[in-house]
Amino acid sequence: MIITKYSVCPRDCYDTCFMKILLDENKIISIQADENFSFTGKFLCPRVVRDIDRIYLNRILFPYIRNGSKPGKNFSRVTWNHALTVITKKIKEVLKKYGPEKILHIEYAGNMGLLTWYFPLRLWNLLGATKTDYSICSKSGHEAISLHYGLSYGLLPSELNQMKLIVFWGFNAAVSSPHIWRQALKARKNGAVIATIDPRKSSTARNSDIWINPRPGSDVALTYGIAKYLIEHNYIDTNFIEEWTYGYREFEKETLRWNIKNIEDITGISRNKIKEIAEAYGRLKPSATLIGFGVQKSLNGAEAVRIISLLPALLGYHRGFYYSNSKGWYVDISYITGEKIIKKTCRTISQVALAKHLEKDDFKFIYIYNMNPLITLPDQARLRKALLKDDVFLVVHETHWTETTLFADVVLPATTFLEKKDLVIPYSHNFIRLSNRVIDPIGESKSEIWVMREIAKRLGIESDIIYENEMGALKKALINAIDNGEFEDLLKQKVLKLRMKPRNKYQTPTGKIEFYSITALKKGINPLPQQVFKKIKKGYYILLNSATIRYTHSQFREIYGPIPPIVEMNPIDAQREGIKNGDKIYLCNENDEVLVKVIIKDSVLPGVLWSPRQLVGLNNVPQNVLISSDTQKIGGGPIFNSTLVRIRKIS
Ligand SMILES: Nc1nc2c(c(=O)[nH]1)N[C@H]1C(S)=C(S)[C@@H](COP(=O)(O)OP(=O)(O)OC[C@H]3O[C@@H](n4cnc5c(=O)[nH]c(N)nc54)[C@H](O)[C@@H]3O)O[C@H]1N2
Ligand SMILES: Nc1nc2c(c(=O)[nH]1)N[C@H]1C(S)=C(S)[C@@H](COP(=O)(O)OP(=O)(O)OC[C@H]3O[C@@H](n4cnc5c(=O)[nH]c(N)nc54)[C@H](O)[C@@H]3O)O[C@H]1N2
Ligand code: SF4
Ligand SMILES: [Mo]
């Protein structure tokens, strides 16, 4: 008999799709979009539909303990009891000899479920272990917007259909958020104009009405140029500015200081093009400015996000941008992680700069789950070397064999999202529903909560924090969060709506949108957004790297094979370098060399290259060896898109 179960895609993705899963006995026969949920009801992406196969491929089925040198897959299968006993013995030893700070846990959003990602943190928080600051993805942008708005939440995707102009800024939504993109295409049918601001002719740019391609990292100058035009042509909403904002005069002064020639020189964008996008902003009302995580991952990233987020305020919109709405809900995450109850201050280190920390800090026990840092973090060579230190004991709880598992002392098999109950909180739309356990766990895989409790038991921890019923904990964390129902309705499979913080409330010192940020001033950051300059050394290219449609970071290589080891290069550069389409070249810098195949394309400007992110080169060297673990001043985020490389032809 065919039965249907409902689930929610937990991958780190803008869309948080609702799914309908058809089963015959305990076997999944189809994963489909749940057509009752209009935002994602038409289709799913090419990734999650293939989970039907991926749940069986390359899975870690049993616990394993290393019996050979690192890195490598020389492991012996052991029982859960044995693996857990070894782990707890090690934890006890480290606690006694060195204290909890020498224990480090590393995780991110491999599965965004509250029970997979956050609840298991209760153990580490209770022990007082060291944690990372989750700076790898969007943190710099959140902090950037917060300087001017208090919190970073903005528009909901459902509002796009009222828009006359939709601007995708460093946001390749056609690839990274196919459902927000679909919403924009629907708005276009009602007359909306779509613009994309991206140095690369991405799928989104290619399918837009207006494409502006500034030099990478020059968005601050470009935005000052747009603001200048809007001010000089009386497109700004002076009443709104008067009533709802603070520090406009300082912002105006800074804006008018820029001269157009200077802006053209920095951005490579002509004054006519600037006029085109500024006129669109001025005339097509209302507009939505959708700021991608992509534009934010560079030396200038947070500064760019700051100023882009201020454009809608000039035009008279309350939070007329979208970046991520994760800070817009009333879900009490600190209750789920236990931080609210435990009230211990744990040491926090940079996730982006993990390589540098591991090099100098002597962590003795490291626990990794829900992340594949040994391919996704920058400064890979140093990171890998640091993890090979003799006295670092590494435990990895994973669904699939990854690069990270190859460095582990103990590997534990994790259930995938289809094998456990959970609740995913979206970061764009505001709908939630319970994800059901669809099939039984494969092999001996176990959930994160189960593992946490088994370790805690063996450590002799009796605290209720560990053993509190997880559904009860979710209920408490969501007590003020739901707009149209009770937590119990979720258990009855209902779709509910999250309550959103008011659009016109600004959690800044003045309670207004601060063009001139008092918080920044207090933190020693310039109160007005600044264009940072970094001279590009002669002979170097800027290497952009961003998401592709078939992979979620390092996931789905089981299905689609390796992430294509390619680089896109402008025909002018190719000709000058004497490179033909399909040639293999090394991308090099002081760290190492990555061998890739050239695709000659005018998708990028001369001097700029593009590769799919997180690829592994044909010489087996990962792209992330080329990427620095330096961090941005605001928010400590990464600088992936400021990577400089030379090229070397195969002789
Ligand atoms: N298919 C797929 N979708 C995903 C993911 C995935 O792995 N695969 N991952 C999810 C996650 S975690 C993330 S972070 C998002 C990322 O998705 P996005 O937010 O779309 O970000 P990116 O793909 O990193 O980059 C988007 C665009 O930014 C451009 N860009 C780079 N530098 C600059 C610049 O200086 N200025 C401007 N204006 N643009 C610039 C790039 O050329 C690129 O086209 O996608 C999410 N969705
Ligand atoms: N070069 C370059 N590198 C980048 C970026 C870039 O733009 N360029 N972008 C960065 C960004 S934005 C991000 S968000 C990071 C993402 O970095 P990661 O979070 O490391 O990305 P994934 O490769 O998706 O790794 C998630 C892992 O979690 C596992 N997993 C999935 N579900 C579960 C589960 O239920 N339980 C457990 N225990 N494990 C599970 C998956 O098998 C996978 O191995 O990468 C960063 N790396
Ligand atoms: S990865 Fe994103 S687009 Fe694909 S199914 Fe999941 S939520 Fe939807
Ligand atoms: Mo991300």
# chains A, B, ... in the order shown; residues from 1 in each chain; ligands from 1
call {"tool": "closest_atom_pairs", "arguments": {"of": "chain A", "to": "ligand 3", "cutoff": "9 Å", "atoms": "only C-alpha atoms and all ligand atoms", "output": "Markdown table"}}
result
| residue | atom | partner | partner_atom_place_in_ligand_line | distance |
| --- | --- | --- | --- | --- |
| A:Val8 | CA | ligand 3 | 7 (S) | 7.7 |
| A:Cys9 | CA | ligand 3 | 6 (Fe) | 4.5 |
| A:Pro10 | CA | ligand 3 | 6 (Fe) | 6.5 |
| A:Arg11 | CA | ligand 3 | 1 (S) | 5.4 |
| A:Asp12 | CA | ligand 3 | 1 (S) | 7.0 |
| A:Cys13 | CA | ligand 3 | 2 (Fe) | 4.6 |
| A:Tyr14 | CA | ligand 3 | 2 (Fe) | 6.3 |
| A:Asp15 | CA | ligand 3 | 7 (S) | 4.4 |
| A:Thr16 | CA | ligand 3 | 7 (S) | 3.7 |
| A:Cys17 | CA | ligand 3 | 8 (Fe) | 4.2 |
| A:Phe18 | CA | ligand 3 | 8 (Fe) | 7.6 |
| A:Met19 | CA | ligand 3 | 5 (S) | 8.0 |
| A:Ala33 | CA | ligand 3 | 5 (S) | 8.1 |
| A:Thr40 | CA | ligand 3 | 8 (Fe) | 7.1 |
| A:Phe43 | CA | ligand 3 | 5 (S) | 8.3 |
| A:Leu44 | CA | ligand 3 | 5 (S) | 4.8 |
| A:Cys45 | CA | ligand 3 | 4 (Fe) | 4.2 |
| A:Pro46 | CA | ligand 3 | 4 (Fe) | 6.8 |
| A:Arg47 | CA | ligand 3 | 4 (Fe) | 5.8 |
| A:Val48 | CA | ligand 3 | 5 (S) | 4.9 |
| A:Val49 | CA | ligand 3 | 5 (S) | 7.3 |
| A:Val175 | CA | ligand 3 | 3 (S) | 8.7 |
| A:Ser176 | CA | ligand 3 | 3 (S) | 7.4 |
| A:Ser177 | CA | ligand 3 | 3 (S) | 6.0 |
| A:Pro178 | CA | ligand 3 | 3 (S) | 5.9 |
| A:His179 | CA | ligand 3 | 3 (S) | 6.7 |
| A:Pro426 | CA | ligand 3 | 7 (S) | 8.9 |
| A:Ile549 | CA | ligand 3 | 4 (Fe) | 8.9 |
| A:Tyr551 | CA | ligand 3 | 1 (S) | 8.7 |
| A:Thr552 | CA | ligand 3 | 1 (S) | 6.9 |
call {"tool": "closest_atom_pairs", "arguments": {"of": "chain A", "to": "ligand 1", "cutoff": "6 Å", "atoms": "only C-alpha atoms and all ligand atoms", "output": "CSV"}}
result
residue,atom,partner,partner_atom_place_in_ligand_line,distance
A:Asp12,CA,ligand 1,12 (S),4.9
A:Cys13,CA,ligand 1,46 (C),4.3
A:Tyr14,CA,ligand 1,46 (C),5.8
A:Cys137,CA,ligand 1,14 (S),5.3
A:Trp169,CA,ligand 1,38 (N),5.3
A:Gly170,CA,ligand 1,39 (N),3.3
A:Phe171,CA,ligand 1,20 (O),3.7
A:Asn172,CA,ligand 1,20 (O),3.8
A:Ala173,CA,ligand 1,20 (O),5.3
A:Val175,CA,ligand 1,1 (N),5.1
A:Ser176,CA,ligand 1,3 (N),3.4
A:Ser177,CA,ligand 1,47 (N),5.6
A:Ile197,CA,ligand 1,38 (N),4.9
A:Asp198,CA,ligand 1,39 (N),4.0
A:Pro199,CA,ligand 1,42 (O),5.5
A:Arg200,CA,ligand 1,42 (O),4.6
A:Ser202,CA,ligand 1,44 (O),5.1
A:Pro216,CA,ligand 1,35 (O),3.6
A:Gly217,CA,ligand 1,35 (O),3.6
A:Asp219,CA,ligand 1,36 (N),5.8
A:Gly292,CA,ligand 1,19 (O),3.7
A:Phe293,CA,ligand 1,19 (O),3.7
A:Gly294,CA,ligand 1,21 (O),3.3
A:Val295,CA,ligand 1,40 (C),4.1
A:Leu544,CA,ligand 1,31 (C),5.8
A:Ser546,CA,ligand 1,23 (O),3.9
A:Ala547,CA,ligand 1,23 (O),4.1
A:Thr548,CA,ligand 1,1 (N),4.9
A:Ile549,CA,ligand 1,1 (N),3.7
A:Arg550,CA,ligand 1,1 (N),5.9
A:Tyr551,CA,ligand 1,8 (N),5.1
A:Thr552,CA,ligand 1,7 (O),3.3
A:His553,CA,ligand 1,7 (O),4.0
A:Asn641,CA,ligand 1,32 (N),5.3
call {"tool": "select_by_dssp", "arguments": {"residues": "range 20-208 of chain A", "states": "alpha helix (DSSP H)", "output": "JSON, numbers by chain"}}
result
{"A": [51, 52, 53, 54, 80, 81, 82, 83, 84, 85, 86, 87, 88, 89, 90, 91, 92, 93, 94, 95, 96, 97, 121, 122, 123, 124, 125, 126, 127, 139, 140, 141, 142, 143, 144, 145, 146, 147, 148, 149, 173, 174, 175, 176, 178, 179, 180, 181, 182, 183, 184, 185, 186, 187, 188, 189, 203, 204, 205, 206]}
call {"tool": "closest_residue", "arguments": {"among": "A:Val167, A:Ile269, A:Ile579, A:Ala381", "to": "Gly320 in chain A", "atoms": "only C-alpha atoms"}}
result
A:Val167
call {"tool": "residues_around", "arguments": {"residues": "Phe321 in chain A", "least_positions_apart": "2", "cutoff": "8 Å", "atoms": "only C-alpha atoms", "output": "number ranges by chain"}}
result
A: 154-155, 288-291, 309, 312, 319, 323
call {"tool": "residues_near_ligand", "arguments": {"ligand": "ligand 2", "cutoff": "6 Å", "atoms": "only C-alpha atoms and all ligand atoms", "output": "ChimeraX atom specification"}}
result
/A:108-111,116,136-137,369-373,376-377,397-400,402,414-417,545-546,552-555,613-614,624,640
call {"tool": "write_last_selection", "arguments": {"atoms": "C-alpha atoms", "output": "PDB file, in the first residue's frame"}}
result
ATOM      1  CA  TYR A 108      27.153  24.112  11.071  1.00  0.00           C
ATOM      2  CA  ALA A 109      23.947  23.878   9.052  1.00  0.00           C
ATOM      3  CA  GLY A 110      24.280  20.518   7.251  1.00  0.00           C
ATOM      4  CA  ASN A 111      20.792  19.884   8.632  1.00  0.00           C
ATOM      5  CA  THR A 116      19.724  17.952  14.865  1.00  0.00           C
ATOM      6  CA  ILE A 136      31.457  30.919   7.769  1.00  0.00           C
ATOM      7  CA  CYS A 137      28.351  32.011   5.909  1.00  0.00           C
ATOM      8  CA  TYR A 369      28.857  17.016  13.283  1.00  0.00           C
ATOM      9  CA  ASN A 370      26.558  18.486  10.630  1.00  0.00           C
ATOM     10  CA  MET A 371      29.495  19.974   8.739  1.00  0.00           C
ATOM     11  CA  ASN A 372      32.298  18.933   6.414  1.00  0.00           C
ATOM     12  CA  PRO A 373      34.974  21.476   7.381  1.00  0.00           C
ATOM     13  CA  THR A 376      34.429  23.738   3.088  1.00  0.00           C
ATOM     14  CA  LEU A 377      36.612  25.913   5.337  1.00  0.00           C
ATOM     15  CA  HIS A 397      29.186  12.131  13.586  1.00  0.00           C
ATOM     16  CA  GLU A 398      28.133  12.058   9.919  1.00  0.00           C
ATOM     17  CA  THR A 399      25.558  10.593   7.584  1.00  0.00           C
ATOM     18  CA  HIS A 400      28.061  10.041   4.746  1.00  0.00           C
ATOM     19  CA  THR A 402      33.404  12.765   3.774  1.00  0.00           C
ATOM     20  CA  ALA A 414      24.095   9.659  11.765  1.00  0.00           C
ATOM     21  CA  THR A 415      20.498   9.388  10.621  1.00  0.00           C
ATOM     22  CA  THR A 416      19.547  11.613   7.681  1.00  0.00           C
ATOM     23  CA  PHE A 417      16.604  14.014   7.933  1.00  0.00           C
ATOM     24  CA  ASN A 545      33.478  31.115  -6.373  1.00  0.00           C
ATOM     25  CA  SER A 546      29.838  30.458  -5.763  1.00  0.00           C
ATOM     26  CA  THR A 552      24.715  21.758  -1.614  1.00  0.00           C
ATOM     27  CA  HIS A 553      28.302  22.560  -0.752  1.00  0.00           C
ATOM     28  CA  SER A 554      30.062  19.184  -0.671  1.00  0.00           C
ATOM     29  CA  GLN A 555      26.840  17.145  -0.711  1.00  0.00           C
ATOM     30  CA  ARG A 613      32.863  26.706  -4.957  1.00  0.00           C
ATOM     31  CA  GLN A 614      34.440  23.929  -2.901  1.00  0.00           C
ATOM     32  CA  ASN A 624      39.930  26.060  -0.312  1.00  0.00           C
ATOM     33  CA  PHE A 640      36.164  33.840  -0.380  1.00  0.00           C
TER      34      PHE A 640
END
call {"tool": "closest_residue", "arguments": {"among": "A:Leu496, A:Ile91, A:Ile600, A:Ile634", "to": "Asp573 in chain A", "atoms": "only C-alpha atoms"}}
result
A:Ile600
call {"tool": "closest_residue", "arguments": {"among": "A:Pro564, A:Gly607, A:Pro120, A:Pro286", "to": "Glu577 in chain A", "atoms": "only C-alpha atoms"}}
result
A:Gly607
